[in-house]
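Below: query-v2.csv (CSV, C-alpha atoms)
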```csv
chain,number,residue,atom,x,y,z
A,1068,MET,CA,101.9,97.3,103.2
A,1069,LEU,CA,98.7,98.3,104.9
A,1070,PHE,CA,98.6,99.2,108.6
A,1071,ARG,CA,95.4,99.3,110.5
A,1072,SER,CA,96.9,101.3,113.3
A,1073,LEU,CA,96.7,104.6,115.0
A,1074,VAL,CA,99.3,106.3,117.2
A,1075,ALA,CA,97.5,108.0,120.1
A,1076,GLY,CA,98.7,109.5,123.3
A,1077,ASP,CA,99.1,112.4,125.7
A,1078,PRO,CA,100.9,115.5,124.7
A,1079,GLY,CA,104.7,115.3,124.9
A,1080,VAL,CA,105.1,111.5,124.8
A,1081,ALA,CA,107.0,111.6,121.4
A,1082,LYS,CA,104.3,110.3,119.0
A,1083,SER,CA,105.6,112.5,116.2
A,1084,TYR,CA,109.2,111.4,116.9
A,1085,LEU,CA,108.2,107.8,116.9
A,1086,THR,CA,106.6,108.1,113.4
A,1087,LEU,CA,109.7,110.0,112.1
A,1088,SER,CA,111.8,107.2,113.5
A,1089,MET,CA,109.7,104.7,111.5
A,1090,ALA,CA,110.0,106.9,108.4
A,1091,SER,CA,113.8,107.0,108.8
A,1092,ILE,CA,114.0,103.2,109.2
A,1093,LEU,CA,111.9,102.6,106.1
A,1094,SER,CA,113.8,105.2,104.1
A,1095,VAL,CA,117.1,103.3,104.5
A,1096,GLY,CA,115.6,99.8,104.6
A,1097,GLY,CA,116.9,99.6,108.1
A,1098,VAL,CA,116.2,97.3,111.0
A,1099,TRP,CA,113.1,97.5,113.3
A,1100,PRO,CA,113.7,97.4,117.0
A,1101,ASP,CA,112.7,93.7,117.1
A,1102,GLY,CA,115.6,92.9,114.7
A,1103,ASN,CA,113.5,92.4,111.5
A,1104,ALA,CA,114.5,94.1,108.3
A,1105,ALA,CA,112.3,97.0,107.2
A,1106,PRO,CA,111.5,97.2,103.4
A,1107,LEU,CA,113.2,100.1,101.6
A,1108,SER,CA,110.3,102.5,101.3
A,1109,ASN,CA,109.2,106.0,100.4
A,1110,VAL,CA,107.3,108.0,103.0
A,1111,LEU,CA,104.9,110.9,102.7
A,1112,ILE,CA,104.6,113.2,105.7
A,1113,VAL,CA,101.5,115.4,106.2
A,1114,SER,CA,102.0,117.5,109.3
A,1115,ALA,CA,99.9,120.4,110.5
A,1116,GLU,CA,101.9,121.0,113.7
A,1117,ASP,CA,105.6,120.6,113.3
A,1118,GLY,CA,107.5,122.8,110.9
A,1119,LEU,CA,109.5,121.1,108.1
A,1120,ALA,CA,112.6,123.2,108.4
A,1121,ASP,CA,112.8,123.7,112.2
A,1122,THR,CA,111.5,120.4,113.5
A,1123,ILE,CA,110.9,117.6,111.0
A,1124,ARG,CA,114.1,117.9,109.0
A,1125,PRO,CA,116.5,118.2,112.0
A,1126,ARG,CA,114.8,115.1,113.5
A,1127,LEU,CA,115.2,113.2,110.3
A,1128,ASP,CA,118.8,114.3,110.0
A,1129,LEU,CA,119.4,113.0,113.6
A,1130,LEU,CA,117.8,109.7,112.7
A,1131,ASP,CA,120.0,109.3,109.6
A,1132,ALA,CA,117.0,109.2,107.2
A,1133,ASP,CA,117.4,109.1,103.5
A,1134,LEU,CA,115.8,112.4,102.7
A,1135,GLY,CA,115.4,111.5,99.1
A,1136,ARG,CA,112.8,108.9,100.1
A,1137,ILE,CA,110.9,111.2,102.5
A,1138,HIS,CA,108.5,113.7,101.1
A,1139,HIS,CA,105.8,116.1,102.3
A,1140,ILE,CA,102.9,118.1,101.0
A,1141,ASN,CA,101.7,121.5,102.0
A,1142,THR,CA,98.9,121.6,104.5
A,1143,VAL,CA,97.8,125.0,103.3
A,1144,LEU,CA,96.3,125.1,99.7
A,1145,ARG,CA,95.2,127.9,97.4
A,1146,GLU,CA,91.6,127.8,96.3
A,1147,GLY,CA,91.1,130.8,94.0
A,1148,GLN,CA,92.0,133.9,95.9
A,1149,LYS,CA,92.2,132.3,99.4
A,1150,GLU,CA,94.3,129.9,101.3
A,1151,VAL,CA,92.6,126.9,103.0
A,1152,GLY,CA,93.8,124.2,105.3
A,1153,LEU,CA,94.2,120.7,103.8
A,1154,SER,CA,91.0,118.7,104.6
A,1155,LEU,CA,90.6,115.0,104.1
A,1156,GLY,CA,87.0,115.6,103.1
A,1157,ASP,CA,87.9,118.1,100.4
A,1158,HIS,CA,91.4,117.3,99.3
A,1159,LEU,CA,91.7,113.5,99.1
A,1160,PHE,CA,92.6,113.8,95.4
A,1161,GLN,CA,95.7,115.9,96.3
A,1162,ILE,CA,96.8,113.4,98.9
A,1163,GLU,CA,96.3,110.4,96.6
A,1164,GLU,CA,98.1,112.2,93.8
A,1165,ALA,CA,101.1,112.8,96.1
A,1166,ILE,CA,101.1,109.2,97.2
A,1167,VAL,CA,101.2,108.1,93.6
A,1168,GLU,CA,103.7,110.7,92.5
A,1169,TYR,CA,106.2,109.8,95.3
A,1170,ARG,CA,105.4,106.1,95.2
A,1171,ALA,CA,104.8,106.4,99.0
A,1172,ASP,CA,104.5,103.2,101.0
A,1173,LEU,CA,103.6,105.0,104.1
A,1174,VAL,CA,101.7,108.3,104.7
A,1175,ILE,CA,101.9,109.9,108.2
A,1176,LEU,CA,99.0,112.2,109.1
A,1177,ASP,CA,100.0,114.3,112.1
A,1178,PRO,CA,97.6,114.9,113.7
A,1179,ILE,CA,94.6,113.4,112.0
A,1180,LEU,CA,92.1,115.8,113.6
A,1181,ALA,CA,93.8,118.8,112.0
A,1182,PHE,CA,92.7,117.4,108.6
A,1183,MET,CA,89.1,116.5,109.4
A,1184,GLY,CA,87.8,119.8,107.9
A,1185,LYS,CA,85.0,122.2,109.1
A,1186,LYS,CA,82.2,119.9,107.9
A,1187,ALA,CA,83.0,117.0,110.2
A,1188,ASP,CA,82.0,117.0,113.8
A,1189,THR,CA,84.7,114.9,115.5
A,1190,HIS,CA,82.4,114.1,118.3
A,1191,LYS,CA,80.1,112.2,115.9
A,1192,SER,CA,81.4,108.8,114.9
A,1193,SER,CA,79.4,108.9,111.7
A,1194,ASP,CA,81.1,112.1,110.6
A,1195,VAL,CA,84.5,110.7,111.5
A,1196,ARG,CA,83.9,107.5,109.6
A,1197,ALA,CA,82.6,109.4,106.6
A,1198,VAL,CA,85.9,111.3,106.4
A,1199,LEU,CA,88.2,108.3,107.2
A,1200,ALA,CA,86.6,105.6,105.1
A,1201,PRO,CA,87.9,107.1,101.8
A,1202,ILE,CA,91.5,107.1,103.3
A,1203,GLY,CA,91.1,103.3,103.6
A,1204,SER,CA,90.1,103.2,99.9
A,1205,ILE,CA,93.1,105.2,98.9
A,1206,ALA,CA,95.3,102.8,101.0
A,1207,ARG,CA,93.8,99.8,99.2
A,1208,ARG,CA,94.1,101.3,95.7
A,1209,THR,CA,97.7,102.5,96.2
A,1210,GLY,CA,99.1,99.9,98.6
A,1211,CYS,CA,100.2,102.7,100.8
A,1212,ALA,CA,99.9,102.3,104.6
A,1213,CYS,CA,98.3,105.3,106.4
A,1214,LEU,CA,99.4,106.0,109.9
A,1215,PRO,CA,97.4,108.7,111.6
A,1216,LEU,CA,98.4,110.3,114.9
A,1217,LEU,CA,95.8,111.3,117.5
A,1218,HIS,CA,96.5,113.8,120.3
A,1219,LEU,CA,94.3,112.9,123.3
A,1220,ASN,CA,92.3,115.5,125.1
A,1221,GLN,CA,94.8,117.9,126.8
A,1222,THR,CA,92.2,119.5,129.0
A,1223,SER,CA,91.0,116.5,130.9
A,1224,THR,CA,91.4,116.6,134.7
A,1225,ARG,CA,90.9,112.9,135.2
A,1226,GLY,CA,94.6,111.9,135.0
A,1227,SER,CA,96.6,110.2,132.3
A,1228,HIS,CA,94.7,108.6,129.4
A,1229,ILE,CA,96.6,105.4,129.7
A,1230,TYR,CA,95.2,104.8,133.1
A,1231,ARG,CA,91.5,105.5,132.2
A,1232,ASP,CA,88.7,103.1,131.9
A,1233,PRO,CA,86.8,104.2,128.8
A,1234,THR,CA,83.5,103.5,130.6
A,1235,GLY,CA,84.5,105.8,133.4
A,1236,LEU,CA,83.4,103.2,135.9
A,1237,VAL,CA,86.8,102.1,137.3
A,1238,SER,CA,89.5,104.4,138.6
A,1239,VAL,CA,93.1,103.3,138.8
A,1240,LYS,CA,95.4,105.0,141.3
```
As a first step, turn the structure in this file into structure tokens.
Amino acid sequence: MLFRSLVAGDPGVAKSYLTLSMASILSVGGVWPDGNAAPLSNVLIVSAEDGLADTIRPRLDLLDADLGRIHHINTVLREGQKEVGLSLGDHLFQIEEAIVEYRADLVILDPILAFMGKKADTHKSSDVRAVLAPIGSIARRTGCACLPLLHLNQTSTRGSHIYRDPTGLVSVK
């Protein structure tokens, strides 16, 4: 299973809940909204925003997930005497190790920009590709689908992202 997808949207449109719903369906081998059967799968959640105990777990409980098939890794790691945030550029080994250990079929990265690290300038496509390309290699090696979430710019004053022309030449009212 290898998705080439990205869940992106404005704040508050339930992107994280959508991916937890997907995780729940996969964890029980349930049925997708289109009526097709989902494969019974293990899921790895890597979340920098939502707390496991106060947000993720209650949502998974509500969605009737098989919690024995849904796993997470810490997004704060110890390096010597200091704690550092999980970075795709610096900690891919740990992510791949967790995918293999839990035999994950899907890994959710929520939100992807939280894991880009200090070295990557997210405004430069070459920096972004340099960080994300190894994720694709991990997906191919392990057979695990990677589903990143992207929170669109919250400070824009040009209206909702879904109505924007990326060129900025057309305005929709």
- Item | A:Val1110, A:Ala1105, A:Leu1130, A:Ala1120 ranked by distance to Leu1214 of chain A, top pick (using all atoms listed in the file) |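 The shortest atom-to-atom distance to Leu1214 of chain A comes from A:Val1110.
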- Compile the contact shell of Pro1106 of chain A as a PyMOL selection string: residues with an atom at most 9 Å away, counting only C-alpha atoms, same-chain residues fewer than 6 positions apart removed. chain A and resi 1092-1098
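Of the listed residues (A:Ser1108, A:Ser1204, A:Asn1103, A:Ser1154), A:Ser1108 comes nearest to Asp1172 of chain A; the distances count only C-alpha atoms.
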- Task: Tell me which protein, DNA and RNA residues are within 10 Å of segment 1115-1117 of chain A, counting only C-alpha atoms, leaving out same-chain ones fewer than 4 positions away, and put them as a VMD selection string.
- Result: chain A and resid 1083 1121 to 1124 1141 to 1143 1152 to 1153 1176 to 1182
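As for atom CA of Asp1131 of chain A and atom CA of Asn1109 of chain A, they are spaced 14.6 Å apart.
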- Task: Work out how far apart atom CA of Phe1160 of chain A and atom CA of Leu1219 of chain A are and give it in Å to one decimal.
- Result: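 If I compute the distance from atom CA of Phe1160 of chain A to atom CA of Leu1219 of chain A, I get 28.0 Å.
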- Do you have the atom CA of Arg1207 of chain A-atom CA of Arg1145 of chain A distance handy?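 Computing the Euclidean distance for atom CA of Arg1207 of chain A and atom CA of Arg1145 of chain A yields 28.2 Å.
Nearest-residue note for Met1089 of chain A: choosing from A:Val1174, A:Gly1147, A:Ile1166, A:Arg1208, the minimum distance belongs to A:Val1174, counting only C-alpha atoms.
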- Task: Please provide as a ChimeraX atom specification all residues within 12 Å of Gly1156 of chain A, with the sequence filter that same-chain residues fewer than 3 positions apart are discarded (counting only C-alpha atoms).
- Result: /A:1152-1153,1159-1162,1179-1188,1194-1202
- Starting from the point (109.1, 113.5, 111.5), work out which residues of protein, DNA or RNA have an atom no more than 10 Å away when counting all atoms listed in the file; state them as a list in words.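 Residues found, by chain and rising number: Lys1082, Ser1083, Tyr1084, Leu1085, Thr1086, Leu1087, Ser1088, Met1089, Ala1090, Ser1091, Ile1112, Val1113, Ser1114, Asp1117, Gly1118, Leu1119, Thr1122, Ile1123, Arg1124, Pro1125, Arg1126, Leu1127, Asp1128, Leu1130, Ala1132, Ile1137, Ile1175 and Asp1177 of chain A.
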First collect every listed atom of segment 1111-1124 of chain A; then fit an axis-aligned box around them, widen it by 6 Å on each side, and give centre and edge lengths in Å to one decimal, as JSON.
```
{"center_x": 107.0, "center_y": 117.3, "center_z": 108.2, "size_x": 26.2, "size_y": 24.8, "size_z": 23.0}
```
